[in-house]
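Data block for upload_22.cif (mmCIF, C-alpha atoms):
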```cif
data_input
loop_
_atom_site.label_atom_id
_atom_site.label_comp_id
_atom_site.auth_asym_id
_atom_site.auth_seq_id
_atom_site.Cartn_x
_atom_site.Cartn_y
_atom_site.Cartn_z
CA LEU A 197 10.31 -36.29 15.08
CA ALA A 198 9.79 -39.77 16.42
CA PRO A 199 12.12 -42.51 15.13
CA GLY A 200 11.05 -43.64 11.68
CA LEU A 201 8.76 -40.66 11.10
CA ALA A 202 9.74 -38.84 7.94
CA PRO A 203 9.44 -35.05 7.64
CA ASP A 204 6.10 -34.00 6.14
CA SER A 205 6.09 -30.45 4.85
CA ALA A 206 2.56 -30.88 3.51
CA ASP A 207 1.33 -31.22 7.10
CA GLY A 208 3.84 -28.71 8.51
CA LEU A 209 6.03 -31.21 10.37
CA VAL A 210 9.61 -30.39 9.43
CA PRO A 211 12.60 -30.33 11.84
CA GLY A 212 13.87 -26.80 12.44
CA TYR A 213 10.51 -25.17 11.70
CA PRO A 214 7.50 -24.40 13.93
CA LEU A 215 4.97 -27.18 14.42
CA PHE A 216 2.17 -27.21 11.84
CA SER A 217 3.82 -24.44 9.86
CA ARG A 218 2.50 -23.43 6.46
CA TRP A 219 4.12 -24.83 3.32
CA VAL A 220 2.79 -24.06 -0.16
CA TYR A 221 3.75 -24.36 -3.80
CA PRO A 222 5.01 -20.88 -4.75
CA LEU A 223 3.39 -18.76 -7.43
CA PHE A 224 6.49 -17.77 -9.39
CA SER A 225 5.05 -15.49 -12.02
CA TYR A 226 2.07 -14.52 -14.13
CA ALA A 227 1.65 -12.60 -17.37
CA ASP A 228 -1.23 -11.57 -19.59
CA ALA A 229 0.40 -13.04 -22.67
CA ASN A 230 -2.55 -12.57 -25.04
CA LYS A 231 -3.27 -9.02 -23.71
CA ASN A 232 -6.97 -9.71 -23.15
CA GLY A 233 -6.96 -8.38 -19.56
CA ILE A 234 -7.61 -11.85 -18.10
CA ILE A 235 -5.12 -14.22 -16.48
CA ASP A 236 -5.75 -17.78 -17.68
CA TYR A 237 -4.46 -21.05 -16.27
CA ASN A 238 -1.74 -21.26 -18.93
CA GLU A 239 -0.47 -17.77 -18.01
CA ILE A 240 0.73 -18.60 -14.50
CA ARG A 241 3.87 -20.40 -13.37
CA VAL A 242 3.68 -22.49 -10.17
CA GLY A 243 6.61 -24.21 -8.45
CA ASN A 244 6.80 -27.97 -7.96
CA SER A 245 8.37 -27.93 -4.46
CA LEU A 246 6.74 -26.80 -1.23
CA VAL A 247 8.28 -23.74 0.42
CA TYR A 248 7.90 -22.41 3.97
CA VAL A 249 5.71 -19.29 4.24
CA GLY A 250 5.20 -18.91 7.99
CA GLN A 251 3.77 -20.31 11.19
CA GLN A 252 0.17 -20.47 12.27
CA MET A 253 0.77 -19.25 15.82
CA PRO A 254 2.10 -15.73 16.45
CA LYS A 255 5.81 -15.28 17.10
CA TYR A 256 5.26 -12.81 19.94
CA ILE A 257 2.28 -11.97 22.13
CA LEU A 258 2.12 -8.86 24.29
CA ASN A 259 -0.81 -8.17 26.63
CA ILE A 260 -1.24 -4.69 28.09
CA THR A 261 -3.58 -3.95 30.99
CA SER A 262 -4.14 -0.45 32.35
CA ASN A 263 -5.98 0.72 35.45
CA MET A 264 -6.68 4.34 36.30
CA GLN A 265 -8.57 5.77 39.26
CA PHE A 266 -9.87 9.29 39.78
CA PHE A 267 -11.45 11.23 42.64
CA LYS A 268 -10.19 8.83 45.33
CA GLY A 269 -11.47 5.76 43.51
CA MET A 270 -14.92 7.07 42.75
CA ILE A 271 -14.23 6.57 39.03
CA SER A 272 -12.07 3.70 37.76
CA ILE A 273 -11.15 2.85 34.17
CA ASN A 274 -9.72 -0.50 33.06
CA ALA A 275 -8.56 -1.30 29.54
CA THR A 276 -6.82 -4.31 27.97
CA PHE A 277 -4.92 -4.49 24.70
CA ALA A 278 -3.22 -7.41 22.92
CA TYR A 279 -0.46 -7.29 20.31
CA GLN A 280 0.46 -10.32 18.18
CA ASN A 281 3.34 -10.50 15.74
CA GLY A 282 3.93 -12.74 12.73
CA ILE A 283 0.52 -14.42 12.33
CA THR A 284 -0.09 -16.19 9.02
CA GLN A 285 -3.61 -16.77 7.79
CA PHE A 286 -5.01 -18.52 4.74
CA ASN A 287 -7.63 -16.09 3.45
CA ASP A 288 -10.02 -18.62 1.94
CA ALA A 289 -13.17 -16.52 2.04
CA GLY A 290 -14.54 -18.37 -0.96
CA GLY A 291 -14.64 -21.66 0.92
CA GLU A 292 -12.71 -24.75 -0.03
CA SER A 293 -12.44 -23.59 -3.65
CA GLY A 294 -9.93 -20.99 -2.51
CA ALA A 295 -11.51 -18.54 -4.95
CA LEU A 296 -11.67 -15.70 -2.40
CA ASP A 297 -15.21 -14.93 -3.60
CA LEU A 298 -13.80 -13.60 -6.87
CA LEU A 299 -14.04 -14.81 -10.45
CA PRO A 300 -10.83 -14.81 -12.47
CA ASN A 301 -12.38 -12.43 -15.02
CA ALA A 302 -14.38 -10.29 -12.58
CA PRO A 303 -14.62 -6.69 -13.85
CA GLY A 304 -12.14 -4.46 -12.11
CA SER A 305 -9.95 -7.27 -10.79
CA THR A 306 -6.25 -6.53 -11.11
CA LEU A 307 -4.02 -9.01 -12.90
CA GLY A 308 -2.36 -9.82 -9.58
CA THR A 309 -5.71 -10.66 -7.97
CA GLN A 310 -6.68 -12.77 -10.95
CA ALA A 311 -3.36 -14.63 -10.75
CA VAL A 312 -3.96 -15.44 -7.07
CA VAL A 313 -7.44 -16.80 -7.80
CA VAL A 314 -6.38 -18.77 -10.86
CA ALA A 315 -3.39 -20.29 -9.05
CA ALA A 316 -5.54 -21.25 -6.04
CA THR A 317 -8.21 -22.95 -8.17
CA ALA A 318 -5.92 -24.72 -10.63
CA ARG A 319 -6.50 -28.45 -10.98
CA GLN A 320 -9.84 -28.32 -9.17
CA ASP A 321 -11.80 -28.36 -12.43
CA PRO A 322 -11.39 -31.74 -14.20
CA PHE A 323 -12.00 -30.09 -17.56
CA GLN A 324 -8.82 -28.04 -17.17
CA PHE A 325 -6.78 -31.08 -18.15
CA LEU A 326 -8.41 -31.01 -21.59
CA THR A 327 -7.34 -27.44 -22.32
CA VAL A 328 -4.27 -26.98 -20.11
CA PRO A 329 -2.53 -30.37 -19.97
CA ASN A 330 0.77 -28.91 -18.74
CA ILE A 331 -0.56 -27.20 -15.60
CA THR A 332 1.73 -28.29 -12.77
CA GLY A 333 -0.60 -27.73 -9.84
CA ALA A 334 -2.37 -25.23 -7.64
CA SER A 335 -0.85 -22.66 -5.33
CA ILE A 336 -2.53 -20.87 -2.43
CA ALA A 337 0.61 -18.79 -1.84
CA GLY A 338 -1.16 -15.58 -2.84
CA ALA A 339 -3.93 -16.23 -0.32
CA ILE A 340 -1.51 -16.62 2.60
CA GLN A 341 -0.89 -13.36 4.43
CA THR A 342 1.46 -12.59 7.34
CA VAL A 343 0.15 -9.83 9.58
CA ASN A 344 0.61 -8.16 12.96
CA THR A 345 -2.45 -7.26 15.00
CA LEU A 346 -3.23 -4.82 17.79
CA ARG A 347 -6.55 -5.42 19.52
CA PHE A 348 -8.51 -3.24 21.88
CA ASN A 349 -10.08 -6.10 23.80
CA ASP A 350 -11.94 -4.62 26.76
CA LEU A 351 -12.87 -1.33 28.38
CA SER A 352 -14.59 -0.90 31.73
CA ILE A 353 -15.63 2.43 33.27
CA ASN A 354 -16.97 2.12 36.80
CA LEU A 355 -18.64 4.87 38.84
CA ASN A 356 -19.12 4.45 42.59
CA VAL A 357 -21.99 6.79 43.31
CA PRO A 358 -21.36 9.00 46.36
CA LYS A 359 -23.30 8.01 49.48
CA SER A 360 -25.07 11.35 49.52
CA ILE A 361 -26.72 10.41 46.23
CA SER A 362 -27.23 6.70 46.95
CA SER A 363 -28.88 7.45 50.29
CA TRP A 364 -31.21 9.87 48.54
CA LEU A 365 -32.15 6.89 46.32
CA ARG A 366 -32.61 4.85 49.54
CA VAL A 367 -29.81 2.37 48.80
CA PRO A 368 -26.66 2.17 50.96
CA GLN A 369 -24.35 1.56 47.97
CA LEU A 370 -24.69 2.14 44.25
CA SER A 371 -22.26 1.60 41.37
CA VAL A 372 -22.72 1.87 37.62
CA ALA A 373 -20.35 0.24 35.14
CA LEU A 374 -20.06 0.51 31.37
CA GLN A 375 -18.24 -2.48 29.83
CA GLY A 376 -17.23 -3.01 26.21
CA SER A 377 -15.62 -6.01 24.48
CA ASN A 378 -13.94 -6.50 21.07
CA LEU A 379 -13.73 -2.78 20.56
CA GLY A 380 -11.05 -2.43 17.91
CA LEU A 381 -8.58 -4.15 15.58
CA VAL A 382 -5.59 -2.59 13.82
CA SER A 383 -4.22 -4.87 11.12
CA ALA A 384 -3.23 -4.93 7.45
CA TYR A 385 -5.16 -8.16 6.95
CA ARG A 386 -7.28 -8.12 3.78
CA GLY A 387 -10.07 -10.17 5.35
CA LYS A 388 -12.33 -9.37 8.29
CA ASP A 389 -10.23 -10.84 11.12
CA PRO A 390 -7.11 -13.06 10.90
CA ALA A 391 -7.99 -14.74 14.20
CA VAL A 392 -11.18 -16.32 12.83
CA ASN A 393 -10.25 -19.89 11.97
CA ALA A 394 -11.81 -22.98 10.47
CA PHE A 395 -10.57 -26.13 8.79
CA ALA A 396 -10.63 -25.82 5.01
CA THR A 397 -9.76 -28.32 2.31
CA THR A 398 -6.65 -27.32 0.41
CA ASN A 399 -5.36 -28.61 -2.90
CA ASN A 400 -1.82 -27.59 -3.77
CA GLY A 401 -1.61 -29.89 -6.78
CA GLN A 402 0.27 -32.83 -5.31
CA HIS A 403 -1.23 -32.77 -1.82
CA GLN A 404 -4.74 -32.33 -0.54
CA GLY A 405 -5.60 -31.99 3.13
CA GLU A 406 -6.97 -29.77 5.86
CA ALA A 407 -5.52 -26.41 6.83
CA ILE A 408 -6.47 -23.71 9.30
CA ALA A 409 -8.06 -20.95 7.28
CA ASP A 410 -10.32 -17.93 7.33
CA ALA A 411 -13.29 -19.34 5.44
CA GLY A 412 -15.42 -16.24 5.83
CA GLN A 413 -16.95 -16.75 9.26
CA ILE A 414 -18.29 -13.71 11.07
CA PRO A 415 -15.84 -12.50 13.75
CA LEU A 416 -16.86 -11.89 17.34
CA SER A 417 -19.16 -8.91 17.57
CA ARG A 418 -18.51 -5.70 19.48
CA THR A 419 -20.61 -5.65 22.65
CA TRP A 420 -21.49 -3.05 25.28
CA ARG A 421 -23.06 -3.75 28.67
CA VAL A 422 -24.32 -1.55 31.49
CA ASN A 423 -24.23 -3.04 34.99
CA ILE A 424 -25.95 -1.43 37.96
CA ARG A 425 -25.13 -2.80 41.40
CA THR A 426 -26.84 -1.88 44.63
CA GLY A 427 -26.10 -2.91 48.20
CA PHE A 428 -28.70 -3.42 50.92
#
```
Structure translated into structure tokens:
Amino acid sequence: LAPGLAPDSADGLVPGYPLFSRWVYPLFSYADANKNGIIDYNEIRVGNSLVYVGQQMPKYILNITSNMQFFKGMISINATFAYQNGITQFNDAGGESGALDLLPNAPGSTLGTQAVVVAATARQDPFQFLTVPNITGASIAGAIQTVNTLRFNDLSINLNVPKSISSWLRVPQLSVALQGSNLGLVSAYRGKDPAVNAFATTNNGQHQGEAIADAGQIPLSRTWRVNIRTGF
């Protein structure tokens, strides 16, 4: 850090850690004390000190490109894959509330899911102070997920039509190509795509700011194209 600039874990600027790393108040524990099947704000325990949970950029990136040709180049196939390791994403599909599109008492929600939602939304309702005066703060720790991804980015299959056929069609050269993009994603991420990012407002209790998050945007679509090229 520059001289006189103090470490700021809330903004991810701490010596010895990746730039703009993620720091959150940990969710220590939760328990359904009154046995009503619902986790309330007074049934979670959130830490008071920020802890490191990961970096926003992947630790390792591996790109794989393959090229295969058949029948003396008449047919060629190109494919590209990308592997990324150690990505962290803030799954904030509910927007800046951090509610992950779930209500704390939604039917069928597990106690763990309820605890994540309750911890992420703590202190955002001013009326909570009237009923839960000892709540220490919010925690988005349960909404942060570290994942590895393997993507099937592109596929291209090209056919150079033999001259005997192209001349019959009265063109000297003819090629047909099938091209696909964003064809596949293998990941344990609970959202749609961990690479879809936006800036979302976070509130960890003692600090409020902007963080890179998955706020529910639609990922890039899968596309297919057919190209026909002729030479004259």
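The coordinates place atom CA of Leu346 of chain A at 28.8 Å from atom CA of Asp207 of chain A.
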Practice task
Can you work out the spacing between atom CA of Ile361 of chain A and atom CA of Gly269 of chain A in Å, to one decimal?
Solution key: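 Taking atom CA of Ile361 of chain A and atom CA of Gly269 of chain A, their separation equals 16.2 Å.
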Handout entry: Contacts of Asp204 of chain A within 10 Å, only C-alpha atoms, excl. fewer than 6 positions in-chain, as a PyMOL selection string
Key = chain A and resi 210-211+216+219
Handout entry: Distance criterion (only C-alpha atoms): nearest to Val312 of chain A out of A:Ser225, A:Gln369, A:Ser272, A:Asn281
Key = A:Ser225
Problem - Computed interatomic separation between atom CA of Met270 of chain A and atom CA of Ser363 of chain A (Å) - result: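 It comes out at 15.9 Å.
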Problem - Among listed residues A:Ala373, A:Ala409, A:Ile235, A:Ile271, nearest Ala394 of chain A (using all atoms listed in the file) - result: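 Of A:Ala373, A:Ala409, A:Ile235, A:Ile271, the one nearest Ala394 of chain A is A:Ala409, counting all atoms listed in the file.
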Exercise for the section: Please provide as a PyMOL selection string all residues within 12 Å of Ala391 of chain A, with the sequence filter that same-chain residues fewer than 3 positions apart are discarded (counting all atoms listed in the file). Expected result: chain A and resi 252-254+280+283-287+342-347+381+383+385+387-388+394+408-416
Edge lengths and centre in Å, axis-aligned, segment 417-426 of chain A plus 6 Å each side, as lines of an AutoDock Vina configuration file:
```
center_x = -22.7
center_y = -5.2
center_z = 31.1
size_x = 20.3
size_y = 19.5
size_z = 39.1
```
Exercise for the section: Between A:Arg421, A:Val247, A:Phe277, A:Asn259, single out the one closest to Tyr213 of chain A, counting only C-alpha atoms. Expected result: A:Val247
Exercise for the section: Could you list the residues chosen by the PyMOL selection byres ((chain A and resi 354) around 9) in this structure as a VMD selection string? Expected result: chain A and resid 270 to 274 352 to 353 355 to 356 371 to 375
Handout entry: Reference answer for the PyMOL selection byres ((chain A and resi 336) around 9), as a PyMOL selection string
Key = chain A and resi 220-223+286+288+294+312-313+315-317+334-335+337-340+398-400
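Using all atoms listed in the file, the nearest neighbour of Lys268 of chain A within the list A:Asp236, A:Pro358, A:Arg425, A:Ala227 is A:Pro358.
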